[in-house]
Amino acid sequence: MLSAEQADKEIELAESMTAGAWAEHSRTVARAARTIAEKCGMDGEKAYVFGLLHDIGRRKGSWDIRHVFDGYEYMIALGEPSIARICLTHSYPKFDGFDEYLGLLSCTDEQREFLRGYLADIEYDPYDELIQLCDSISLPVGVCIMEKRLVDVALRHGVHKYAVSRWRVFMEIKRKFDDMCGCNIYSLFPETVDNSLKDL
């Protein structure tokens, strides 16, 4: 798997191709993932790489659902199937409507069927859930409470019919990692309070 240093170079290249807040968001996800992973006995570098590259599909200027496919295809081309998997799973917490994306479905029917089949055939592991968690607490400026990040996404993409179900899953994942870490994960990030109090 790519090292942390190699992943840093990938995100720098991607940011030069498509500038935007997404790159700083990805860096926050990476830092949060490493911190939480190390606290609960997981591989911190692996978590960092997954977090940093979860949105790597945006390097092509891809938004909405398209970025998960572009990230997956790019990582597969680099021979990185585990990172490619994260590119797909980070936007899809497991629940009955897991194959519904909150943004525009800017993909082909074939891509949608591939994604549905791929996600149905795998069992999510702690790294899938960790990146989903960190994605849901990470702003470009740092970690915030989950509720603020979820509202941030809703303001930009609207409230999907599955939104509340997805929010419940994210909150369940947070409780799981609170238990694994032996503390509320927010306590690991001093910036959480200030970031959560800022206006969106």
# chains A, B, ... in the order shown; residues from 1 in each chain; ligands from 1
$ residues_around --residues "Glu45 in chain A" --least-positions-apart "6" --cutoff "10 Å" --atoms "only C-alpha atoms" --output "ChimeraX atom specification"
/A:2-5,30-31,33-35,37-38,51
$ write_last_selection --atoms "N, CA and C atoms" --output "PDB file, in the first residue's frame"
ATOM      1  N   LEU A   2       0.364   2.334  -0.556  1.00  0.00           N
ATOM      2  CA  LEU A   2       1.104   3.586  -0.557  1.00  0.00           C
ATOM      3  C   LEU A   2       1.486   3.990   0.866  1.00  0.00           C
ATOM      4  N   SER A   3       2.658   4.572   1.018  1.00  0.00           N
ATOM      5  CA  SER A   3       3.071   5.096   2.311  1.00  0.00           C
ATOM      6  C   SER A   3       2.387   6.436   2.543  1.00  0.00           C
ATOM      7  N   ALA A   4       2.498   6.939   3.765  1.00  0.00           N
ATOM      8  CA  ALA A   4       1.945   8.257   4.074  1.00  0.00           C
ATOM      9  C   ALA A   4       2.606   9.328   3.217  1.00  0.00           C
ATOM     10  N   GLU A   5       3.920   9.203   3.005  1.00  0.00           N
ATOM     11  CA  GLU A   5       4.630  10.189   2.192  1.00  0.00           C
ATOM     12  C   GLU A   5       4.160  10.146   0.742  1.00  0.00           C
ATOM     13  N   ALA A  30      -7.654  12.579   7.199  1.00  0.00           N
ATOM     14  CA  ALA A  30      -6.456  11.755   7.408  1.00  0.00           C
ATOM     15  C   ALA A  30      -5.910  11.898   8.825  1.00  0.00           C
ATOM     16  N   ARG A  31      -5.796  13.132   9.282  1.00  0.00           N
ATOM     17  CA  ARG A  31      -5.272  13.375  10.636  1.00  0.00           C
ATOM     18  C   ARG A  31      -6.193  12.766  11.684  1.00  0.00           C
ATOM     19  N   ALA A  33      -8.317  10.299  11.270  1.00  0.00           N
ATOM     20  CA  ALA A  33      -8.294   8.836  11.163  1.00  0.00           C
ATOM     21  C   ALA A  33      -7.053   8.255  11.841  1.00  0.00           C
ATOM     22  N   ARG A  34      -5.906   8.882  11.634  1.00  0.00           N
ATOM     23  CA  ARG A  34      -4.682   8.391  12.272  1.00  0.00           C
ATOM     24  C   ARG A  34      -4.781   8.494  13.798  1.00  0.00           C
ATOM     25  N   THR A  35      -5.275   9.622  14.282  1.00  0.00           N
ATOM     26  CA  THR A  35      -5.378   9.828  15.725  1.00  0.00           C
ATOM     27  C   THR A  35      -6.300   8.804  16.367  1.00  0.00           C
ATOM     28  N   ALA A  37      -7.324   5.905  15.080  1.00  0.00           N
ATOM     29  CA  ALA A  37      -6.789   4.555  14.878  1.00  0.00           C
ATOM     30  C   ALA A  37      -5.730   4.223  15.928  1.00  0.00           C
ATOM     31  N   GLU A  38      -4.810   5.135  16.138  1.00  0.00           N
ATOM     32  CA  GLU A  38      -3.745   4.875  17.109  1.00  0.00           C
ATOM     33  C   GLU A  38      -4.291   4.761  18.527  1.00  0.00           C
ATOM     34  N   GLY A  51      -7.689   7.889   4.792  1.00  0.00           N
ATOM     35  CA  GLY A  51      -8.381   9.162   4.986  1.00  0.00           C
ATOM     36  C   GLY A  51      -7.949  10.214   3.985  1.00  0.00           C
TER      37      GLY A  51
END
$ atom_distance --atom1 "CA of Met1 in chain A" --atom2 "CA of His90 in chain A"
17.9 Å
$ closest_residue --among "A:Leu52, A:Ile65, A:Met75, A:Leu133" --to "Ile36 in chain A" --atoms "only C-alpha atoms"
A:Leu133
$ residues_around --residues "Lys176 in chain A" --least-positions-apart "3" --cutoff "12 Å" --atoms "only C-alpha atoms" --output "VMD selection string"
chain A and resid 36 40 126 129 to 130 133 169 to 173 179 to 185
$ write_last_selection --atoms "N, CA, C and O atoms" --output "compact mmCIF listing (two decimals), in the first residue's frame"
# COMPACT_ATOMS: atom_id res chain seq x y z
N ILE A 36 -7.47 8.61 15.78
CA ILE A 36 -8.43 7.66 16.35
C ILE A 36 -7.90 6.24 16.22
O ILE A 36 -8.01 5.43 17.16
N CYS A 40 -7.15 3.52 19.38
CA CYS A 40 -7.87 2.25 19.61
C CYS A 40 -7.11 1.03 19.09
O CYS A 40 -7.69 -0.05 18.96
N PRO A 126 -13.39 -2.28 10.14
CA PRO A 126 -13.22 -1.08 10.96
C PRO A 126 -12.63 0.11 10.21
O PRO A 126 -12.92 1.27 10.55
N GLU A 129 -15.46 1.88 8.29
CA GLU A 129 -16.27 2.66 9.23
C GLU A 129 -15.50 3.85 9.79
O GLU A 129 -16.07 4.93 10.00
N LEU A 130 -14.20 3.68 10.01
CA LEU A 130 -13.39 4.78 10.53
C LEU A 130 -13.37 5.95 9.55
O LEU A 130 -13.52 7.11 9.96
N LEU A 133 -16.67 7.68 9.54
CA LEU A 133 -16.75 8.51 10.73
C LEU A 133 -15.97 9.81 10.55
O LEU A 133 -16.49 10.90 10.77
N VAL A 169 -26.74 6.02 11.32
CA VAL A 169 -25.62 5.08 11.17
C VAL A 169 -24.31 5.76 11.55
O VAL A 169 -23.49 5.18 12.27
N PHE A 170 -24.10 6.99 11.09
CA PHE A 170 -22.88 7.71 11.46
C PHE A 170 -22.76 7.84 12.98
O PHE A 170 -21.68 7.67 13.54
N MET A 171 -23.88 8.13 13.63
CA MET A 171 -23.85 8.27 15.09
C MET A 171 -23.57 6.94 15.78
O MET A 171 -22.86 6.90 16.80
N GLU A 172 -24.08 5.86 15.22
CA GLU A 172 -23.78 4.53 15.77
C GLU A 172 -22.29 4.22 15.62
O GLU A 172 -21.67 3.65 16.52
N ILE A 173 -21.73 4.57 14.47
CA ILE A 173 -20.30 4.35 14.25
C ILE A 173 -19.48 5.16 15.25
O ILE A 173 -18.49 4.67 15.81
N ASP A 179 -16.32 3.79 22.23
CA ASP A 179 -16.08 2.62 23.08
C ASP A 179 -14.69 2.03 22.83
O ASP A 179 -13.98 1.67 23.77
N MET A 180 -14.31 1.94 21.56
CA MET A 180 -12.99 1.37 21.23
C MET A 180 -11.86 2.23 21.77
O MET A 180 -10.82 1.72 22.22
N CYS A 181 -12.06 3.55 21.76
CA CYS A 181 -11.02 4.47 22.23
C CYS A 181 -11.04 4.66 23.75
O CYS A 181 -10.07 5.15 24.33
N GLY A 182 -12.15 4.31 24.37
CA GLY A 182 -12.28 4.52 25.81
C GLY A 182 -12.50 5.97 26.18
O GLY A 182 -12.24 6.38 27.33
N CYS A 183 -12.97 6.77 25.21
CA CYS A 183 -13.25 8.18 25.47
C CYS A 183 -14.13 8.70 24.33
O CYS A 183 -14.27 8.06 23.31
N ASN A 184 -14.71 9.87 24.55
CA ASN A 184 -15.40 10.53 23.46
C ASN A 184 -14.35 11.00 22.45
O ASN A 184 -13.40 11.69 22.82
N ILE A 185 -14.48 10.61 21.20
CA ILE A 185 -13.44 10.92 20.22
C ILE A 185 -13.20 12.41 20.09
O ILE A 185 -12.09 12.83 19.78
